[in-house]
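structure_27.cif, holding mmCIF, C-alpha atoms:
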data_data
#
loop_
_atom_site.label_atom_id
_atom_site.label_comp_id
_atom_site.auth_asym_id
_atom_site.auth_seq_id
_atom_site.Cartn_x
_atom_site.Cartn_y
_atom_site.Cartn_z
CA MET A 1 5.75 -26.75 4.04
CA SER A 2 7.33 -23.31 4.22
CA ALA A 3 6.62 -21.06 7.17
CA PRO A 4 3.78 -18.57 6.66
CA ARG A 5 4.52 -14.93 5.92
CA VAL A 6 3.38 -13.14 9.07
CA GLY A 7 2.78 -9.52 10.00
CA LEU A 8 2.54 -8.27 13.57
CA VAL A 9 0.62 -5.07 14.38
CA LEU A 10 0.82 -3.43 17.81
CA GLY A 11 -1.62 -0.61 18.42
CA ALA A 12 -1.73 2.58 20.47
CA GLY A 13 -2.80 2.75 24.08
CA GLY A 14 -0.64 4.88 26.37
CA ILE A 15 1.03 3.50 29.52
CA MET A 16 -1.82 1.10 30.30
CA GLY A 17 -1.99 -0.01 26.67
CA GLY A 18 1.72 -0.78 26.73
CA ALA A 19 1.20 -2.93 29.84
CA TRP A 20 -1.66 -4.77 28.12
CA LEU A 21 0.54 -5.38 25.06
CA THR A 22 3.27 -6.79 27.32
CA GLY A 23 0.95 -9.37 28.84
CA ALA A 24 -0.69 -10.21 25.51
CA LEU A 25 2.66 -10.75 23.76
CA ASP A 26 3.84 -12.99 26.58
CA ALA A 27 0.66 -15.05 26.28
CA ILE A 28 1.09 -15.45 22.53
CA THR A 29 4.70 -16.54 22.95
CA THR A 30 3.87 -18.98 25.75
CA GLU A 31 0.88 -20.49 23.99
CA SER A 32 2.46 -20.84 20.54
CA GLY A 33 6.21 -21.12 21.15
CA TRP A 34 6.64 -18.50 18.42
CA ASP A 35 8.91 -15.47 18.70
CA PRO A 36 6.77 -12.44 17.66
CA GLY A 37 9.94 -10.50 16.86
CA THR A 38 10.48 -12.81 13.87
CA ALA A 39 7.35 -11.58 12.08
CA GLU A 40 8.28 -10.51 8.55
CA PHE A 41 6.68 -7.11 9.17
CA ILE A 42 6.25 -5.41 12.54
CA VAL A 43 4.06 -2.29 12.67
CA GLY A 44 3.94 -0.23 15.86
CA THR A 45 1.84 2.81 16.73
CA SER A 46 2.39 4.96 19.84
CA ALA A 47 2.72 2.54 22.80
CA GLY A 48 2.84 -0.23 20.19
CA SER A 49 5.88 1.39 18.58
CA MET A 50 7.77 1.13 21.86
CA MET A 51 6.88 -2.54 22.19
CA ALA A 52 7.75 -3.11 18.52
CA ALA A 53 11.18 -1.53 18.98
CA LEU A 54 11.90 -3.71 22.01
CA LEU A 55 10.75 -6.89 20.26
CA ALA A 56 12.72 -6.11 17.11
CA GLY A 57 15.74 -5.34 19.30
CA GLY A 58 15.65 -8.84 20.79
CA VAL A 59 13.91 -8.22 24.13
CA PRO A 60 11.76 -11.30 24.90
CA PRO A 61 8.21 -10.81 26.21
CA TRP A 62 9.00 -12.95 29.27
CA PHE A 63 11.79 -10.52 30.17
CA MET A 64 9.47 -7.50 29.78
CA VAL A 65 7.04 -9.10 32.22
CA ALA A 66 9.75 -9.99 34.74
CA HIS A 67 11.44 -6.58 34.51
CA SER A 68 8.17 -4.74 35.02
CA ALA A 69 7.48 -6.89 38.10
CA GLY A 70 10.74 -5.67 39.65
CA ARG A 71 13.07 -8.60 39.09
CA SER A 72 16.77 -7.79 38.74
CA PHE A 73 19.13 -9.93 36.69
CA ASP A 74 22.63 -9.35 38.03
CA GLY A 75 25.28 -9.34 35.34
CA LEU A 76 22.90 -8.57 32.47
CA VAL A 77 23.65 -5.43 30.45
CA GLY A 78 21.82 -3.75 27.61
CA GLU A 79 23.14 -3.07 24.12
CA ASP A 80 24.34 0.32 25.36
CA GLY A 81 26.47 -1.28 28.08
CA ARG A 82 24.34 -0.12 31.01
CA PRO A 83 23.05 -2.64 33.60
CA ALA A 84 19.60 -3.91 32.67
CA ALA A 85 18.51 -3.60 36.30
CA GLU A 86 18.79 0.20 36.04
CA ALA A 87 16.38 0.45 33.12
CA ASP A 88 12.98 2.10 33.55
CA ARG A 89 10.38 -0.32 34.89
CA ALA A 90 7.38 1.95 34.33
CA ALA A 91 7.37 1.91 30.50
CA GLY A 92 8.06 5.62 30.21
CA ALA A 93 5.70 6.80 32.93
CA GLU A 94 8.25 9.40 33.95
CA PHE A 95 6.88 12.79 33.01
CA LYS A 96 9.33 15.67 32.72
CA LEU A 97 8.62 19.09 31.26
CA GLN A 98 10.19 19.92 27.92
CA ARG A 99 12.58 22.86 28.00
CA ALA A 100 10.70 25.17 25.67
CA LEU A 101 8.59 28.32 25.68
CA PRO A 102 5.08 27.89 27.15
CA PRO A 103 2.50 26.92 24.50
CA ILE A 104 0.27 29.73 23.25
CA GLY A 105 -2.70 29.13 20.97
CA PRO A 106 -3.23 26.13 18.69
CA GLY A 107 -0.38 23.63 18.50
CA SER A 108 -0.45 23.51 14.70
CA LEU A 109 -2.15 26.36 12.86
CA ARG A 110 -1.41 24.72 9.49
CA LEU A 111 -3.16 21.48 10.48
CA ALA A 112 -6.02 23.41 12.07
CA ALA A 113 -6.51 25.39 8.84
CA ARG A 114 -6.36 22.29 6.66
CA THR A 115 -8.94 20.39 8.70
CA LEU A 116 -11.19 23.44 8.86
CA ALA A 117 -11.17 23.77 5.07
CA THR A 118 -11.68 20.06 4.25
CA PRO A 119 -12.70 18.20 7.41
CA TRP A 120 -14.06 15.22 5.43
CA ARG A 121 -10.51 14.30 4.37
CA TYR A 122 -9.40 13.63 7.94
CA THR A 123 -10.27 11.30 10.77
CA PRO A 124 -12.30 12.84 13.64
CA ALA A 125 -9.24 12.71 15.89
CA THR A 126 -7.11 14.59 13.37
CA VAL A 127 -9.71 17.36 12.94
CA GLY A 128 -9.34 18.47 16.55
CA VAL A 129 -5.62 17.92 16.98
CA GLY A 130 -4.37 21.11 15.33
CA TRP A 131 -6.50 23.28 17.60
CA LEU A 132 -5.18 21.74 20.80
CA PRO A 133 -2.25 23.46 22.54
CA ARG A 134 1.20 22.03 21.98
CA GLY A 135 2.23 19.38 24.50
CA VAL A 136 4.73 20.20 27.24
CA VAL A 137 5.98 16.79 28.42
CA SER A 138 9.39 15.65 27.17
CA THR A 139 9.75 12.42 25.18
CA GLU A 140 13.34 11.98 26.39
CA PRO A 141 12.45 9.22 28.90
CA LEU A 142 10.84 7.27 26.04
CA LYS A 143 13.95 7.68 23.92
CA ASP A 144 16.12 6.37 26.72
CA ILE A 145 14.17 3.10 26.85
CA VAL A 146 14.76 2.48 23.15
CA ARG A 147 18.38 3.62 23.43
CA ARG A 148 19.14 0.74 25.80
CA VAL A 149 18.19 -1.75 23.09
CA THR A 150 19.21 0.16 19.96
CA PRO A 151 21.72 2.85 20.99
CA THR A 152 22.07 4.33 17.49
CA GLY A 153 20.66 3.92 14.02
CA TRP A 154 17.74 1.69 13.15
CA SER A 155 16.80 -1.84 14.16
CA ASP A 156 18.33 -4.93 12.58
CA HIS A 157 14.80 -6.03 11.74
CA PRO A 158 14.34 -5.56 7.99
CA ASN A 159 10.71 -4.41 8.14
CA LEU A 160 10.08 -2.53 11.37
CA TRP A 161 7.61 0.27 10.65
CA VAL A 162 6.97 2.97 13.24
CA MET A 163 3.83 5.02 12.62
CA ALA A 164 3.63 8.78 13.22
CA CYS A 165 1.77 11.76 11.76
CA ASP A 166 3.05 15.00 10.30
CA TYR A 167 1.95 17.80 12.66
CA ALA A 168 1.44 20.25 9.78
CA THR A 169 -0.47 18.05 7.33
CA GLY A 170 -1.87 15.17 9.39
CA GLU A 171 -0.39 12.75 6.86
CA ARG A 172 0.68 9.34 8.10
CA VAL A 173 4.35 8.35 7.94
CA ALA A 174 5.75 4.84 8.38
CA PHE A 175 9.32 5.38 9.56
CA GLY A 176 11.46 2.44 8.51
CA ARG A 177 9.58 1.85 5.26
CA ALA A 178 11.23 2.59 1.93
CA GLY A 179 10.75 6.25 1.01
CA ALA A 180 10.21 7.48 4.57
CA PRO A 181 12.60 10.07 6.07
CA ARG A 182 15.80 8.57 7.45
CA VAL A 183 15.77 8.73 11.23
CA GLU A 184 17.15 7.19 14.40
CA LEU A 185 14.84 4.59 15.92
CA THR A 186 14.80 6.54 19.20
CA GLU A 187 13.41 9.62 17.44
CA ALA A 188 10.84 7.64 15.43
CA VAL A 189 9.42 5.94 18.51
CA ALA A 190 9.30 9.25 20.39
CA ALA A 191 7.39 10.81 17.48
CA SER A 192 4.95 7.90 17.34
CA CYS A 193 4.29 8.26 21.09
CA ALA A 194 3.94 12.07 21.09
CA ILE A 195 0.30 12.36 22.18
CA PRO A 196 -1.04 15.78 21.08
CA ALA A 197 -1.44 18.35 23.88
CA PHE A 198 0.55 16.07 26.21
CA TYR A 199 3.99 15.30 24.75
CA TYR A 200 6.11 17.88 23.00
CA PRO A 201 6.18 17.23 19.21
CA VAL A 202 9.30 15.55 17.85
CA GLU A 203 11.22 17.32 15.07
CA ILE A 204 12.69 15.12 12.34
CA GLY A 205 14.27 16.53 9.21
CA GLY A 206 12.87 19.98 9.85
CA ARG A 207 9.28 18.77 10.31
CA ARG A 208 7.33 18.10 13.49
CA TYR A 209 5.64 14.76 14.14
CA ILE A 210 3.05 13.52 16.63
CA ASP A 211 1.31 10.31 17.69
CA GLY A 212 0.49 7.97 14.80
CA GLY A 213 -2.70 6.98 16.60
CA ILE A 214 -4.55 10.11 15.45
CA ARG A 215 -4.76 8.53 11.98
CA SER A 216 -5.54 5.02 13.20
CA THR A 217 -4.93 3.38 16.57
CA SER A 218 -3.75 0.22 14.80
CA ASN A 219 -2.69 1.27 11.27
CA LEU A 220 -3.41 -2.32 10.30
CA ASP A 221 -4.14 -1.24 6.74
CA VAL A 222 -0.48 -0.40 5.96
CA LEU A 223 0.05 -4.15 5.45
CA ARG A 224 -2.36 -4.34 2.55
CA GLY A 225 -0.96 -5.49 -0.78
CA LEU A 226 1.98 -7.40 0.75
CA ASP A 227 0.51 -10.88 0.12
CA LEU A 228 0.93 -11.95 3.74
CA ASP A 229 -0.49 -15.27 4.91
CA MET A 230 -1.33 -14.10 8.42
CA VAL A 231 -1.49 -10.87 10.40
CA ILE A 232 -1.70 -10.83 14.18
CA CYS A 233 -3.00 -7.52 15.54
CA LEU A 234 -3.02 -6.54 19.20
CA ASN A 235 -5.04 -3.36 19.72
CA PRO A 236 -5.36 -2.00 23.29
CA THR A 237 -7.93 0.73 22.55
CA SER A 238 -10.74 -1.34 21.04
CA SER A 239 -12.89 -4.12 22.42
CA ARG A 240 -15.69 -6.43 21.37
CA HIS A 241 -17.19 -5.57 24.76
CA PRO A 242 -17.05 -1.75 25.02
CA PRO A 243 -17.57 -0.42 28.55
CA ARG A 244 -20.68 1.34 29.72
CA ALA A 245 -19.80 4.91 30.58
CA TRP A 246 -21.36 7.16 33.20
CA ASN A 247 -18.91 9.89 34.14
CA PRO A 248 -17.38 12.29 31.54
CA ALA A 249 -13.92 10.65 31.61
CA GLU A 250 -15.39 7.22 30.94
CA VAL A 251 -17.68 8.58 28.20
CA VAL A 252 -14.65 9.88 26.28
CA GLY A 253 -12.85 6.56 26.70
CA ALA A 254 -15.87 4.56 25.60
CA ARG A 255 -16.32 6.72 22.50
CA MET A 256 -12.66 6.27 21.59
CA ASN A 257 -13.02 2.53 22.12
CA ARG A 258 -15.98 2.31 19.76
CA ASP A 259 -14.36 4.49 17.07
CA SER A 260 -11.13 2.51 17.31
CA GLY A 261 -13.05 -0.76 17.01
CA LYS A 262 -14.97 0.38 13.94
CA ARG A 263 -11.82 1.42 12.12
CA LEU A 264 -10.03 -1.76 13.16
CA GLY A 265 -12.90 -3.86 11.84
CA SER A 266 -12.84 -2.01 8.51
CA GLU A 267 -9.07 -2.43 8.18
CA ALA A 268 -9.26 -6.13 9.05
CA LYS A 269 -12.07 -6.70 6.54
CA ALA A 270 -9.95 -5.20 3.73
CA LEU A 271 -6.99 -7.43 4.60
CA ARG A 272 -9.15 -10.54 4.75
CA ALA A 273 -10.56 -9.68 1.33
CA GLU A 274 -7.01 -10.11 0.00
CA GLY A 275 -6.89 -13.65 1.39
CA THR A 276 -4.90 -12.85 4.55
CA ASP A 277 -5.88 -14.53 7.81
CA VAL A 278 -6.28 -11.79 10.44
CA ILE A 279 -6.13 -12.56 14.16
CA LEU A 280 -7.48 -9.70 16.27
CA ILE A 281 -6.62 -9.70 19.97
CA GLN A 282 -8.47 -7.01 21.92
CA PRO A 283 -9.07 -6.17 25.59
CA GLN A 284 -11.81 -8.10 27.38
CA PRO A 285 -14.05 -6.67 30.14
CA ALA A 286 -11.52 -7.72 32.80
CA ASP A 287 -8.78 -5.90 30.88
CA LEU A 288 -10.83 -2.72 30.58
CA GLU A 289 -11.52 -2.77 34.31
CA ALA A 290 -7.82 -3.23 35.11
CA MET A 291 -6.72 -0.51 32.67
CA GLY A 292 -9.27 2.04 33.85
CA PRO A 293 -10.26 5.23 31.99
CA ASN A 294 -6.85 6.92 32.30
CA LEU A 295 -4.49 5.20 29.87
CA MET A 296 -1.59 7.36 31.09
CA ALA A 297 -1.91 6.26 34.73
CA ARG A 298 1.38 5.47 36.46
CA ARG A 299 0.13 2.69 38.71
CA GLY A 300 -1.44 -0.69 38.13
CA ARG A 301 0.74 -1.85 35.21
CA ASN A 302 1.50 -5.27 36.66
CA ARG A 303 -2.17 -5.97 37.31
CA VAL A 304 -2.92 -5.08 33.69
CA ILE A 305 -0.10 -7.34 32.47
CA ALA A 306 -1.32 -10.32 34.51
CA THR A 307 -4.91 -9.80 33.38
CA ALA A 308 -3.88 -9.50 29.71
CA LYS A 309 -1.90 -12.75 29.92
CA ALA A 310 -5.00 -14.60 31.11
CA THR A 311 -7.54 -13.02 28.75
CA THR A 312 -5.27 -13.30 25.71
CA ALA A 313 -4.57 -16.97 26.41
CA ALA A 314 -8.34 -17.54 26.51
CA GLN A 315 -8.81 -15.73 23.18
CA LEU A 316 -6.09 -17.84 21.57
CA HIS A 317 -8.05 -20.99 22.42
CA ALA A 318 -11.23 -19.70 20.76
CA GLY A 319 -12.46 -20.38 17.24
CA GLY A 320 -9.82 -21.28 14.68
CA ILE A 321 -7.06 -19.16 16.19
CA ARG A 322 -5.25 -22.09 17.81
CA GLU A 323 -5.11 -23.90 14.48
CA LEU A 324 -3.59 -20.86 12.79
CA LEU A 325 -0.99 -20.51 15.53
CA LYS A 326 0.14 -24.09 14.91
CA GLU A 327 1.44 -22.92 11.53
CA LEU A 328 3.93 -20.54 13.16
CA PRO A 329 7.57 -21.68 13.39
CA ALA A 330 9.12 -22.34 16.80
CA GLY A 331 11.21 -19.48 18.16
CA THR A 332 14.68 -19.80 19.65
CA PRO A 333 14.39 -20.92 23.30
CA TYR A 334 15.87 -17.70 24.71
CA MET A 335 13.11 -15.63 23.11
CA VAL A 336 10.31 -17.94 24.24
CA ARG A 337 11.17 -18.70 27.87
CA GLU A 338 13.64 -17.70 30.56
CA PRO A 339 16.84 -19.74 30.22
CA ASP A 340 18.14 -21.85 33.10
CA VAL A 341 21.65 -20.36 32.96
CA PRO A 342 22.94 -17.31 34.88
CA PRO A 343 22.08 -13.86 33.44
CA GLU A 344 25.74 -13.12 32.76
CA ASP A 345 25.62 -15.90 30.15
CA TRP A 346 22.58 -14.52 28.37
CA SER A 347 24.60 -12.27 26.06
CA ALA A 348 25.69 -15.30 24.04
CA LEU A 349 22.12 -16.60 23.91
CA ARG A 350 20.91 -13.18 22.80
CA ALA A 351 23.52 -13.11 20.00
CA ASP A 352 22.48 -16.59 18.88
CA ALA A 353 18.82 -15.55 18.84
CA ARG A 354 19.64 -12.48 16.74
CA ALA A 355 21.65 -14.55 14.27
CA ALA A 356 18.81 -17.07 14.02
CA ARG A 357 16.36 -14.27 13.32
CA PHE A 358 18.18 -12.42 10.59
CA GLY A 359 21.09 -14.66 9.68
CA ARG A 360 23.68 -12.28 11.10
CA PRO A 361 24.54 -10.57 14.38
CA GLY A 362 24.64 -7.23 12.52
CA ALA A 363 25.00 -3.70 13.81
CA SER A 364 22.08 -1.31 13.91
CA GLN A 365 21.71 0.76 10.77
CA THR A 366 19.60 3.74 9.94
CA SER A 367 16.84 2.67 7.57
#

File written out as structure tokens:
Amino acid sequence: MSAPRVGLVLGAGGIMGGAWLTGALDAITTESGWDPGTAEFIVGTSAGSMMAALLAGGVPPWFMVAHSAGRSFDGLVGEDGRPAAEADRAAGAEFKLQRALPPIGPGSLRLAARTLATPWRYTPATVGVGWLPRGVVSTEPLKDIVRRVTPTGWSDHPNLWVMACDYATGERVAFGRAGAPRVELTEAVAASCAIPAFYYPVEIGGRRYIDGGIRSTSNLDVLRGLDLDMVICLNPTSSRHPPRAWNPAEVVGARMNRDSGKRLGSEAKALRAEGTDVILIQPQPADLEAMGPNLMARRGRNRVIATAKATTAAQLHAGGIRELLKELPAGTPYMVREPDVPPEDWSALRADARAARFGRPGASQTS
């Protein structure tokens, strides 16, 4: 039997959401022996776009976990030639001010005017975005993380889609998909992560772009009509067990969790109606407690990762999910588990894994 056609969707969630995705991806790889970077389509939104870029660039989930925990692998270098040990271990939680004039008034008057005239055409998140002040935090640290894996151009992965939104129109853009503006992967990921009123918008082709999560935290629906057999969606900002909220910060988080869950459920229902098996992995109560109400917190990432590994493994054993995972092809050993050879020898293993994925070592190219 031929391997199933699989899509992988990684949702938005800030710094804490990225940590949760790291643990969840490691659990999926460990439990199934499958390399998630070999999915035929990989869709990433905000924090999920960062994880998608790393996966597509050949960074194994086990390495992400180990690197975040502080392990150093002497002799290992990134695609840009810099030592891997020097790479950021906080998933972009380095906040530097953008060199620009101070924000005055609404961040996007055009979007504010559009949503004021026809609010029913936009998601609730989009309606308020234009009125918020422009963000002041630079996305350069985020770009540098991607640059270590894909220094220039686009990923070798044939169908890596990075979701962002046009800051003037609110329209969703899937960078990497046919017909989307040509762009460097570093810029696309930065745009997808540019949380309104926090990060400075990213300009691409003369237009400004912001976080793709304002349209949908998962953007699961972009995979409709592709005749996929299975879609695995990891969404950090929704839960089947939404938290009870008491203080204002938690109330906002709980509302976002419920709205994200409703949209995710609707998107999953539409995909299933096409005959696609949809596996939804979402935070459990223990995950929500570990993540806390502030998804941009700088501390606690490793606790979130460890918790996500445990709760995701439990979800994978429930219902018919384990049976579906048995259909997935085995990944190359280097991508599934840490090899038992010195790190200086991993470059050859990494090249073999890339060739096995796409049939060629290949240089990065702009999509």

Expand the PyMOL selection byres ((chain A and resi 183) around 8) into the explicit residue set it covers here, and present it as a list in words.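 Given this file, the PyMOL selection byres ((chain A and resi 183) around 8) evaluates to Gly153, Trp154, Phe175, Pro181, Arg182, Glu184, Leu185, Glu187, Ala188, Ile204, Thr366 and Ser367 of chain A.
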
Here's the selection I'm unsure about, the PyMOL selection byres ((chain A and resi 346-348) around 12); applied to the file above, which residues does it give, as a PyMOL selection string? chain A and resi 58-60+63+73-79+81+84+333-335+338-345+349-355+361

Go ahead and write the residues just picked, C-alpha atoms, as a compact mmCIF listing (two decimals), in the frame of the given file.
# COMPACT_ATOMS: atom_id res chain seq x y z
CA GLY A 58 15.65 -8.84 20.79
CA VAL A 59 13.91 -8.22 24.13
CA PRO A 60 11.76 -11.30 24.90
CA PHE A 63 11.79 -10.52 30.17
CA PHE A 73 19.13 -9.93 36.69
CA ASP A 74 22.63 -9.35 38.03
CA GLY A 75 25.28 -9.34 35.34
CA LEU A 76 22.90 -8.57 32.47
CA VAL A 77 23.65 -5.43 30.45
CA GLY A 78 21.82 -3.75 27.61
CA GLU A 79 23.14 -3.07 24.12
CA GLY A 81 26.47 -1.28 28.08
CA ALA A 84 19.60 -3.91 32.67
CA PRO A 333 14.39 -20.92 23.30
CA TYR A 334 15.87 -17.70 24.71
CA MET A 335 13.11 -15.63 23.11
CA GLU A 338 13.64 -17.70 30.56
CA PRO A 339 16.84 -19.74 30.22
CA ASP A 340 18.14 -21.85 33.10
CA VAL A 341 21.65 -20.36 32.96
CA PRO A 342 22.94 -17.31 34.88
CA PRO A 343 22.08 -13.86 33.44
CA GLU A 344 25.74 -13.12 32.76
CA ASP A 345 25.62 -15.90 30.15
CA LEU A 349 22.12 -16.60 23.91
CA ARG A 350 20.91 -13.18 22.80
CA ALA A 351 23.52 -13.11 20.00
CA ASP A 352 22.48 -16.59 18.88
CA ALA A 353 18.82 -15.55 18.84
CA ARG A 354 19.64 -12.48 16.74
CA ALA A 355 21.65 -14.55 14.27
CA PRO A 361 24.54 -10.57 14.38

Which residues fall under the PyMOL selection byres ((chain A and resi 314) around 12) in this file, as a short mmCIF file (atom, residue, chain, number, x, y, z; two decimals) with C-alpha atoms, in the coordinates of the input?
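Saved the output as selection-v4.cif:
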data_model
loop_
_atom_site.label_atom_id
_atom_site.label_comp_id
_atom_site.auth_asym_id
_atom_site.auth_seq_id
_atom_site.Cartn_x
_atom_site.Cartn_y
_atom_site.Cartn_z
CA ALA A 24 -0.69 -10.21 25.51
CA ALA A 27 0.66 -15.05 26.28
CA ILE A 28 1.09 -15.45 22.53
CA GLU A 31 0.88 -20.49 23.99
CA ILE A 281 -6.62 -9.70 19.97
CA GLN A 282 -8.47 -7.01 21.92
CA PRO A 283 -9.07 -6.17 25.59
CA GLN A 284 -11.81 -8.10 27.38
CA THR A 307 -4.91 -9.80 33.38
CA ALA A 308 -3.88 -9.50 29.71
CA LYS A 309 -1.90 -12.75 29.92
CA ALA A 310 -5.00 -14.60 31.11
CA THR A 311 -7.54 -13.02 28.75
CA THR A 312 -5.27 -13.30 25.71
CA ALA A 313 -4.57 -16.97 26.41
CA GLN A 315 -8.81 -15.73 23.18
CA LEU A 316 -6.09 -17.84 21.57
CA HIS A 317 -8.05 -20.99 22.42
CA ALA A 318 -11.23 -19.70 20.76
CA GLY A 319 -12.46 -20.38 17.24
CA ILE A 321 -7.06 -19.16 16.19
CA ARG A 322 -5.25 -22.09 17.81
#

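Every protein or nucleic acid residue with an atom no more than 10 Å from Val202 of chain A, counting all atoms listed in the file and leaving out same-chain residues fewer than 6 positions away, appears here: Ser138, Thr139, Ala164, Asp166, Tyr167, Glu187, Ala188, Val189, Ala190, Ala191, Ser192, Cys193, Ala194, Arg208, Tyr209, Ile210 and Asp211 of chain A.
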
Please compute the atom CA of Ala268 of chain A-atom CA of Val9 of chain A distance, one decimal, in Å.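 Here the two named atoms are 11.3 Å from each other.
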
Nearest to Phe198 of chain A, chosen from A:Tyr122, A:Trp161, A:Phe95, A:Trp131, with all atoms listed in the file counted in the distances: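 The closest residue to Phe198 of chain A is A:Phe95.
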
Enclosing box along x, y and z for every listed atom of segment 98-115 of chain A, padded 5 Å each side, centre and size in Å, one decimal, as AutoDock Vina command-line options:
--center_x 1.8 --center_y 24.8 --center_z 17.3 --size_x 31.5 --size_y 19.8 --size_z 31.3

Could you tell me how far atom CA of Glu203 of chain A lies from atom CA of Thr186 of chain A, in Å and to one decimal? 12.1 Å

Counting only C-alpha atoms, the residue of A:Leu328, A:Ala297, A:Ile42, A:Ala93 that sits nearest Val162 of chain A: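 Selected residue with least distance to Val162 of chain A: A:Ile42.
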
Restrict the calculation to only C-alpha atoms, then for each residue of segment 87-199 of chain A with any atom at most 7 Å from an atom of segment 212-223 of chain A give the closest atom pair and their distance in Å to one decimal, rows by chain and rising residue number, as CSV.
residue,atom,partner,partner_atom,distance
A:Thr123,CA,A:Arg215,CA,6.3
A:Ala125,CA,A:Ile214,CA,5.4
A:Thr126,CA,A:Ile214,CA,5.6
A:Met163,CA,A:Gly212,CA,5.0
A:Ala164,CA,A:Gly212,CA,3.6
A:Cys165,CA,A:Gly212,CA,5.0
A:Arg172,CA,A:Arg215,CA,6.7
A:Ser192,CA,A:Gly212,CA,5.1

Selected residues written out with C-alpha atoms, as an mmCIF file, in the coordinates of the input:
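Done, and the output landed in selection-v4.cif:
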data_model
loop_
_atom_site.group_PDB
_atom_site.id
_atom_site.type_symbol
_atom_site.label_atom_id
_atom_site.label_comp_id
_atom_site.auth_asym_id
_atom_site.auth_seq_id
_atom_site.Cartn_x
_atom_site.Cartn_y
_atom_site.Cartn_z
ATOM 1 C CA THR A 123 -10.270 11.300 10.770
ATOM 2 C CA ALA A 125 -9.240 12.710 15.890
ATOM 3 C CA THR A 126 -7.110 14.590 13.370
ATOM 4 C CA MET A 163 3.830 5.020 12.620
ATOM 5 C CA ALA A 164 3.630 8.780 13.220
ATOM 6 C CA CYS A 165 1.770 11.760 11.760
ATOM 7 C CA ARG A 172 0.680 9.340 8.100
ATOM 8 C CA SER A 192 4.950 7.900 17.340
#

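Nearest to Gly57 of chain A of all the residues A:Thr38, A:Asn235, A:Ser155, A:Thr118 is A:Ser155, counting all atoms listed in the file.
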
Which segment 139-206 of chain A residues have any atom within 7 Å of an atom of segment 97-113 of chain A, and for each, what is the nearest pair of atoms with distance in Å to one decimal, counting only C-alpha atoms, rows sorted by chain and number, as CSV?
residue,atom,partner,partner_atom,distance
A:Tyr167,CA,A:Ser108,CA,6.5
A:Ala168,CA,A:Leu111,CA,4.8
A:Thr169,CA,A:Leu111,CA,5.4
A:Gly170,CA,A:Leu111,CA,6.5
A:Tyr200,CA,A:Gln98,CA,6.7

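Restricting the calculation to all atoms listed in the file, the smallest distance between Leu288 of chain A and any of A:Ala53, A:Leu264, A:Ala66, A:Ala254 is found for A:Ala254.
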
Can you tell me how far atom CA of Arg5 of chain A sits from atom CA of Glu40 of chain A, in Å to one decimal?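 Between atom CA of Arg5 of chain A and atom CA of Glu40 of chain A the gap works out to 6.4 Å.
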